[in-house]
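**Student:** Below is data_16.csv; it holds CSV, C-alpha atoms and all ligand atoms.
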```
chain,number,residue,atom,x,y,z
K,1332,MET,CA,102.9,15.6,97.1
K,1333,SER,CA,100.3,15.4,99.8
K,1334,GLY,CA,99.3,19.0,100.6
K,1335,PHE,CA,95.7,20.1,101.4
K,1336,VAL,CA,96.0,22.5,98.4
K,1337,ARG,CA,98.1,21.3,95.6
K,1338,PHE,CA,99.1,22.8,92.2
K,1339,GLU,CA,100.9,20.4,89.8
K,1340,ASP,CA,102.5,21.8,86.6
K,1341,VAL,CA,99.8,24.3,86.1
K,1342,LYS,CA,99.7,26.3,82.9
K,1343,LYS,CA,97.3,29.1,82.0
K,1344,VAL,CA,97.2,30.8,78.6
K,1345,TYR,CA,94.5,33.4,78.0
K,1346,LYS,CA,93.3,33.5,74.4
K,1347,THR,CA,91.6,36.7,73.1
K,1348,GLY,CA,91.0,36.3,69.4
K,1349,GLU,CA,94.3,35.6,67.7
K,1350,MET,CA,96.3,36.8,70.8
K,1351,GLU,CA,97.7,34.3,73.4
K,1352,ILE,CA,98.7,35.7,76.7
K,1353,PRO,CA,100.7,33.3,78.9
K,1354,ALA,CA,99.7,34.0,82.5
K,1355,LEU,CA,101.1,30.9,84.3
K,1356,HIS,CA,103.6,28.2,83.5
K,1357,ASP,CA,105.1,25.3,85.5
K,1358,VAL,CA,103.3,26.3,88.7
K,1359,ASN,CA,103.9,23.8,91.5
K,1360,PHE,CA,103.2,24.3,95.2
K,1361,GLU,CA,101.4,22.8,98.1
K,1362,ILE,CA,99.8,24.2,101.3
K,1363,GLU,CA,99.0,22.3,104.4
K,1364,LYS,CA,95.6,22.3,106.2
K,1365,GLY,CA,95.3,25.1,108.7
K,1366,GLU,CA,98.2,27.2,107.4
K,1367,PHE,CA,98.2,30.9,106.9
K,1368,CYS,CA,99.8,31.3,103.5
K,1369,VAL,CA,100.8,34.4,101.7
K,1370,ILE,CA,101.3,34.4,98.0
K,1371,VAL,CA,103.4,37.4,97.1
K,1372,GLY,CA,104.5,38.9,93.8
K,1373,ALA,CA,104.7,42.1,91.7
K,1374,SER,CA,101.7,43.3,89.6
K,1375,GLY,CA,101.1,41.0,86.7
K,1376,ALA,CA,103.1,38.1,88.2
K,1377,GLY,CA,100.1,35.8,88.1
K,1378,LYS,CA,98.8,35.9,91.7
K,1379,THR,CA,95.1,36.6,90.9
K,1380,THR,CA,95.2,33.9,88.1
K,1381,ILE,CA,96.3,31.4,90.7
K,1382,LEU,CA,93.6,32.4,93.1
K,1383,ASN,CA,90.9,32.4,90.4
K,1384,ILE,CA,91.9,28.9,89.4
K,1385,LEU,CA,92.0,27.6,93.0
K,1386,GLY,CA,88.7,29.3,93.6
K,1387,GLY,CA,87.0,27.6,90.7
K,1388,MET,CA,86.4,30.9,88.9
K,1389,ASP,CA,88.7,30.2,86.1
K,1390,THR,CA,89.9,27.0,84.4
K,1391,LEU,CA,93.5,26.1,83.6
K,1392,THR,CA,95.1,25.2,80.3
K,1393,SER,CA,97.0,22.2,81.6
K,1394,GLY,CA,98.1,20.7,84.9
K,1395,LYS,CA,96.2,19.7,88.0
K,1396,VAL,CA,94.8,21.4,91.1
K,1397,TYR,CA,93.7,19.6,94.2
K,1398,LEU,CA,91.9,20.7,97.3
K,1399,ASP,CA,91.5,18.1,100.1
K,1400,GLU,CA,92.3,15.2,97.7
K,1401,GLU,CA,89.6,16.3,95.2
K,1402,GLU,CA,90.8,17.3,91.7
K,1403,VAL,CA,89.3,20.7,91.2
K,1404,SER,CA,90.7,20.9,87.7
K,1405,ALA,CA,88.7,17.9,86.7
K,1406,PHE,CA,85.3,19.4,87.9
K,1407,ASN,CA,82.6,20.0,85.4
K,1408,LYS,CA,80.5,23.3,85.5
K,1409,LYS,CA,78.0,21.9,87.9
K,1410,GLN,CA,80.7,20.6,90.3
K,1411,LEU,CA,82.5,24.0,90.1
K,1412,THR,CA,79.4,25.8,91.1
K,1413,ALA,CA,79.0,23.6,94.1
K,1414,TYR,CA,82.7,23.9,94.9
K,1415,ARG,CA,82.5,27.7,94.8
K,1416,ARG,CA,79.3,27.7,96.9
K,1417,TYR,CA,80.3,25.2,99.6
K,1418,ASP,CA,84.1,24.8,99.8
K,1419,VAL,CA,85.6,28.3,99.2
K,1420,GLY,CA,85.1,31.6,101.0
K,1421,PHE,CA,86.2,34.7,99.1
K,1422,VAL,CA,87.4,38.0,100.4
K,1423,PHE,CA,88.2,40.7,97.8
K,1424,GLN,CA,89.8,44.1,97.9
K,1425,PHE,CA,86.5,45.9,97.5
K,1426,TYR,CA,84.1,44.2,99.9
K,1427,ASN,CA,81.2,43.7,97.4
K,1428,LEU,CA,78.5,44.0,100.0
K,1429,VAL,CA,74.8,44.4,99.0
K,1430,GLN,CA,74.2,48.0,99.8
K,1431,ASN,CA,70.5,47.7,100.7
K,1432,LEU,CA,71.0,44.9,103.2
K,1433,THR,CA,72.3,45.3,106.8
K,1434,ALA,CA,75.6,43.7,107.9
K,1435,LEU,CA,73.6,40.8,109.4
K,1436,GLU,CA,71.5,40.4,106.3
K,1437,ASN,CA,74.6,40.4,104.1
K,1438,VAL,CA,76.0,37.5,106.1
K,1439,GLU,CA,72.7,35.7,106.3
K,1440,LEU,CA,72.3,35.9,102.5
K,1441,ALA,CA,75.6,34.0,102.0
K,1442,ALA,CA,74.7,31.5,104.7
K,1443,GLN,CA,71.3,30.8,103.0
K,1444,ILE,CA,73.0,29.1,100.0
K,1445,CYS,CA,75.1,26.8,102.1
K,1446,ARG,CA,74.8,23.3,103.5
K,1447,GLU,CA,76.0,23.8,107.0
K,1448,PRO,CA,76.3,27.6,107.6
K,1449,LEU,CA,77.4,29.0,110.8
K,1450,ASP,CA,75.2,31.5,112.7
K,1451,ALA,CA,75.5,34.9,111.1
K,1452,ALA,CA,75.1,36.9,114.3
K,1453,VAL,CA,77.7,34.8,116.1
K,1454,ILE,CA,80.2,35.2,113.3
K,1455,LEU,CA,79.6,39.0,113.2
K,1456,GLU,CA,80.3,39.1,116.9
K,1457,GLN,CA,83.5,37.1,116.4
K,1458,VAL,CA,84.8,39.6,113.9
K,1459,GLY,CA,84.1,42.4,116.3
K,1460,LEU,CA,80.9,43.8,114.9
K,1461,LYS,CA,78.3,42.9,117.5
K,1462,GLU,CA,77.2,46.5,117.8
K,1463,ARG,CA,77.0,47.1,114.1
K,1464,THR,CA,74.9,44.2,112.9
K,1465,ASN,CA,71.9,46.4,111.9
K,1466,ASN,CA,73.9,49.0,110.1
K,1467,PHE,CA,73.9,49.2,106.3
K,1468,PRO,CA,77.3,49.1,104.5
K,1469,ALA,CA,77.3,52.9,103.8
K,1470,GLN,CA,77.1,53.4,107.6
K,1471,LEU,CA,80.3,51.4,108.2
K,1472,SER,CA,83.9,52.3,107.7
K,1473,GLY,CA,86.0,50.5,105.1
K,1474,GLY,CA,87.6,48.3,107.8
K,1475,GLU,CA,84.2,47.4,109.2
K,1476,GLN,CA,82.8,46.6,105.7
K,1477,GLN,CA,85.8,44.3,105.2
K,1478,ARG,CA,85.0,42.6,108.5
K,1479,VAL,CA,81.4,42.0,107.2
K,1480,ALA,CA,82.9,40.5,104.0
K,1481,ILE,CA,85.1,38.2,106.1
K,1482,ALA,CA,82.2,37.2,108.3
K,1483,ARG,CA,80.2,36.5,105.1
K,1484,ALA,CA,82.9,34.2,103.8
K,1485,LEU,CA,83.3,32.5,107.2
K,1486,ALA,CA,79.6,31.9,107.7
K,1487,LYS,CA,79.7,29.5,104.8
K,1488,ASN,CA,82.0,27.4,106.9
K,1489,PRO,CA,84.3,26.8,103.9
K,1490,LYS,CA,87.3,24.5,103.7
K,1491,LEU,CA,89.4,27.4,102.5
K,1492,LEU,CA,89.5,31.2,102.8
K,1493,LEU,CA,90.9,33.0,99.7
K,1494,CYS,CA,91.7,36.7,100.1
K,1495,ASP,CA,92.8,38.8,97.2
K,1496,GLU,CA,94.6,42.0,98.4
K,1497,PRO,CA,92.2,42.2,101.4
K,1498,THR,CA,93.7,45.4,102.7
K,1499,GLY,CA,94.3,47.1,99.4
K,1500,ALA,CA,91.5,49.6,99.9
K,1501,LEU,CA,92.3,50.2,103.6
K,1502,ASP,CA,94.6,52.6,105.5
K,1503,TYR,CA,97.7,51.3,107.2
K,1504,ASN,CA,96.2,50.6,110.7
K,1505,THR,CA,92.8,49.4,109.5
K,1506,GLY,CA,94.6,47.0,107.1
K,1507,LYS,CA,96.7,45.7,110.0
K,1508,ALA,CA,93.6,45.1,112.1
K,1509,VAL,CA,92.0,43.1,109.2
K,1510,LEU,CA,95.2,41.0,108.8
K,1511,ARG,CA,95.2,40.4,112.6
K,1512,LEU,CA,91.6,39.1,112.2
K,1513,LEU,CA,92.5,36.8,109.4
K,1514,GLN,CA,95.5,35.4,111.2
K,1515,GLY,CA,93.5,35.0,114.4
K,1516,THR,CA,90.7,33.2,112.5
K,1517,CYS,CA,93.3,30.8,111.0
K,1518,ARG,CA,94.8,30.1,114.5
K,1519,GLU,CA,91.5,29.8,116.4
K,1520,THR,CA,89.4,27.8,113.8
K,1521,GLY,CA,92.1,25.9,112.0
K,1522,LYS,CA,90.8,27.2,108.8
K,1523,THR,CA,93.3,27.4,105.9
K,1524,VAL,CA,93.7,31.0,104.8
K,1525,ILE,CA,95.5,32.2,101.7
K,1526,VAL,CA,96.2,35.9,101.3
K,1527,ILE,CA,97.4,37.4,98.0
K,1528,THR,CA,99.5,40.5,98.2
K,1529,HIS,CA,102.2,42.6,96.5
K,1530,ASN,CA,103.4,43.7,100.0
K,1531,GLN,CA,106.6,41.7,100.8
K,1532,ALA,CA,106.5,42.8,104.4
K,1533,LEU,CA,103.4,40.6,105.1
K,1534,THR,CA,105.4,37.4,104.4
K,1535,ALA,CA,106.8,37.6,107.9
K,1536,MET,CA,103.3,36.8,109.4
K,1537,ALA,CA,102.8,33.7,107.2
K,1538,ASP,CA,103.3,30.0,107.9
K,1539,ARG,CA,104.1,29.5,104.3
K,1540,ILE,CA,105.3,32.0,101.7
K,1541,ILE,CA,104.9,31.4,98.0
K,1542,THR,CA,106.7,33.9,95.8
K,1543,VAL,CA,105.4,34.3,92.2
K,1544,LYS,CA,107.3,36.0,89.4
K,1545,SER,CA,106.6,36.2,85.7
K,1546,GLY,CA,103.9,33.5,85.8
K,1547,THR,CA,105.6,30.9,87.9
K,1548,VAL,CA,106.5,30.1,91.5
K,1549,VAL,CA,110.1,31.0,92.2
K,1550,SER,CA,110.2,30.0,95.9
K,1551,MET,CA,108.1,28.3,98.5
K,1552,VAL,CA,109.2,28.6,102.1
K,1553,LYS,CA,107.8,27.2,105.3
K,1554,ASN,CA,108.2,29.9,107.9
K,1555,GLU,CA,108.9,28.5,111.4
K,1556,LYS,CA,109.2,31.9,113.0
K,1557,THR,CA,106.0,33.7,112.2
K,1558,VAL,CA,105.8,37.3,113.4
K,1559,ASP,CA,102.8,38.9,114.9
K,1560,ILE,CA,101.3,41.5,112.6
K,1561,SER,CA,101.7,44.2,115.3
K,1562,GLU,CA,105.5,43.8,114.9
K,1563,ILE,CA,105.5,44.2,111.1
K,1564,GLU,CA,106.1,47.7,109.7
K,1565,TRP,CA,106.1,48.8,106.1
U,1601,LIG,N1,91.2,37.6,81.7
U,1601,LIG,C1,92.4,37.8,81.2
U,1601,LIG,N2,92.6,37.9,79.8
U,1601,LIG,C2,93.8,38.1,79.3
U,1601,LIG,N3,94.9,38.2,80.1
U,1601,LIG,C3,94.8,38.2,81.4
U,1601,LIG,C4,93.5,38.0,82.0
U,1601,LIG,N4,93.7,38.0,83.4
U,1601,LIG,C5,95.0,38.1,83.6
U,1601,LIG,N5,95.7,38.3,82.4
U,1601,LIG,C6,97.2,38.4,82.2
U,1601,LIG,O1,97.8,37.4,83.0
U,1601,LIG,C7,99.0,37.9,83.6
U,1601,LIG,C8,98.9,37.6,85.1
U,1601,LIG,O2,97.8,38.5,85.7
U,1601,LIG,P1,97.4,38.4,87.2
U,1601,LIG,O3,96.2,39.3,87.3
U,1601,LIG,O4,97.2,37.0,87.6
U,1601,LIG,O5,98.6,39.1,88.0
U,1601,LIG,P2,98.7,39.6,89.5
U,1601,LIG,O6,100.0,39.1,90.0
U,1601,LIG,O7,97.4,39.2,90.2
U,1601,LIG,O8,98.7,41.2,89.2
U,1601,LIG,P3,98.0,42.3,90.1
U,1601,LIG,O9,98.7,42.3,91.4
U,1601,LIG,O10,98.3,43.6,89.3
U,1601,LIG,O11,96.6,42.0,90.2
U,1601,LIG,C9,99.1,39.4,83.3
U,1601,LIG,O12,99.9,39.5,82.2
U,1601,LIG,C10,97.7,39.7,82.9
U,1601,LIG,O13,97.7,40.8,81.9
```
Take the structure I supplied and represent it as structure tokens, if you would.
**Tutor:**
Amino acid sequence: MSGFVRFEDVKKVYKTGEMEIPALHDVNFEIEKGEFCVIVGASGAGKTTILNILGGMDTLTSGKVYLDEEEVSAFNKKQLTAYRRYDVGFVFQFYNLVQNLTALENVELAAQICREPLDAAVILEQVGLKERTNNFPAQLSGGEQQRVAIARALAKNPKLLLCDEPTGALDYNTGKAVLRLLQGTCRETGKTVIVITHNQALTAMADRIITVKSGTVVSMVKNEKTVDISEIEW
């Protein structure tokens, strides 16, 4: 396999005391550079575990994970810290903004710990928040806060954007607008974007659809006919 992102025979077992909880087994997939990929599956299927391993926030039990020809699964703690800091941008369901910093300061804060950050004000403008840069999170709607979180992730200029249920806390239309922004970012910047969701309808907008069930990948489809988010209803 030669994908930009690659999972090879990944297994993950959580151990709590005597208990062993199998979360992933025989997980194999690849994602090409610049693709908009949706990983879909029911609750408990293993989606977040995949994302946490790919994001360097969790380790695997066996198997191999690669990003851009580097074996992430072989990284030591120090390498994982650098990987999380420089290579991966994260967007979560609950935006996790610092409440006493403005939108601009939230983005600048992330940019400060990076090697080649993008300009925070420019990125905020690109996500449609030019007029709100000096507002605090509490003064912004949920959708606007998620845009700040996306800007914060993009300002790091990461190799990969990982989004875990990015619209989970948003209403229908605001959620669609955030997905449009993520898809547009992928198209315009060539950034590889991975979105995790339980919402099957979103697969229509993806270049690649990876379906997870009971801890393993049951299908991986390259979608040649992606649909614009405005045409998707659920
Ligand atoms: N830290 C942990 N310790 C023990 N078990 C865990 C841990 N994290 C996840 N699991 C278990 O691993 C399995 C997969 O969970 P995971 O969170 O990856 O699923 P998911 O598809 O993301 O579900 P959801 O959509 O509900 O978030 C589940 O059985 C879950 O209970």
**Student:** What's the separation between atom CA of K:Arg1337 and atom CA of K:Lys1507, in Å to one decimal place?
**Tutor:** 28.4 Å
**Student:** Can you list, as number ranges by chain, every protein, DNA or RNA residue that comes within 10 Å of stretch 1467-1481 of chain K when you count all atoms listed in the file, leaving out same-chain residues fewer than 2 positions away?
**Tutor:** K: 1420-1438, 1441, 1454-1455, 1457-1460, 1463-1465, 1483-1486, 1492, 1494, 1497-1498, 1500-1502, 1504-1509, 1512-1513, 1516
**Student:** Take atom CA of K:Leu1440 and atom CA of K:Lys1461 and report the distance between them in Å, one decimal.
**Tutor:**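 Distance reported for this atom pair: 17.6 Å.
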**Student:** Identify, counting all atoms listed in the file, the protein, DNA and RNA residues located within 7 Å of ligand LIG 1601 (chain U), and give them as a PyMOL selection string.
**Tutor:** chain K and resi 1345-1347+1352-1354+1372-1381+1529+1546
**Student:** I'd like the neighbourhood of K:Val1371 as a count of residues only, where a residue qualifies if any of its atoms comes within 8 Å (using only C-alpha atoms), though same-chain residues fewer than 6 positions away should be ignored.
**Tutor:** 11
**Student:** How far is it from atom CA of K:Gly1515 to atom CA of K:Asp1538, in Å with one decimal?
**Tutor:** 12.8 Å
**Student:** With all atoms listed in the file as the counted atoms, please give the residues lying no more than 7 Å from K:Gly1386, apart from itself and same-chain residues fewer than 2 positions off, as a list in words.
**Tutor:**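 These residues fall inside the cut-off: Leu1382, Asn1383, Ile1384, Met1388, Arg1415 and Val1419 of chain K.
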**Student:** With all atoms listed in the file counted, which protein, DNA or RNA residues have an atom no more than 7 Å from (107.5, 34.5, 107.9) in the file frame? Please answer as a list in words.
**Tutor:**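 Neighbouring residues, ordered by chain and number, come to Thr1534, Ala1535, Met1536, Ala1537, Asp1538, Asn1554, Lys1556, Thr1557 and Val1558 of chain K.
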**Student:** Within 8 Å of K:Ile1525, counting all atoms listed in the file, which residues qualify if same-chain residues fewer than 5 places away don't, as a PyMOL selection string?
**Tutor:** chain K and resi 1367-1370+1491-1494
**Student:** Show me, as a tab-separated table (two decimals) with C-alpha atoms, keeping the file's coordinate frame, the residues that have an atom within 7 Å of K:Pro1448 when counting all atoms listed in the file, minus same-chain residues fewer than 4 positions from it.
**Tutor:**
```
chain	number	residue	atom	x	y	z
K	1442	ALA	CA	74.70	31.50	104.70
K	1486	ALA	CA	79.60	31.90	107.70
K	1487	LYS	CA	79.70	29.50	104.80
K	1488	ASN	CA	82.00	27.40	106.90
```
**Student:** I need the residue nearest K:Tyr1417 from this list: K:Glu1363, K:Thr1390, K:Gly1348, K:Lys1490. Use all atoms listed in the file for the distance.
**Tutor:** K:Lys1490
**Student:** Of the residues K:Val1549, K:Ile1560, K:Val1453, K:Ala1413, which is the one nearest to K:Asn1359, using all atoms listed in the file?
**Tutor:**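 Checking each candidate against K:Asn1359, we get K:Val1549 as the closest.
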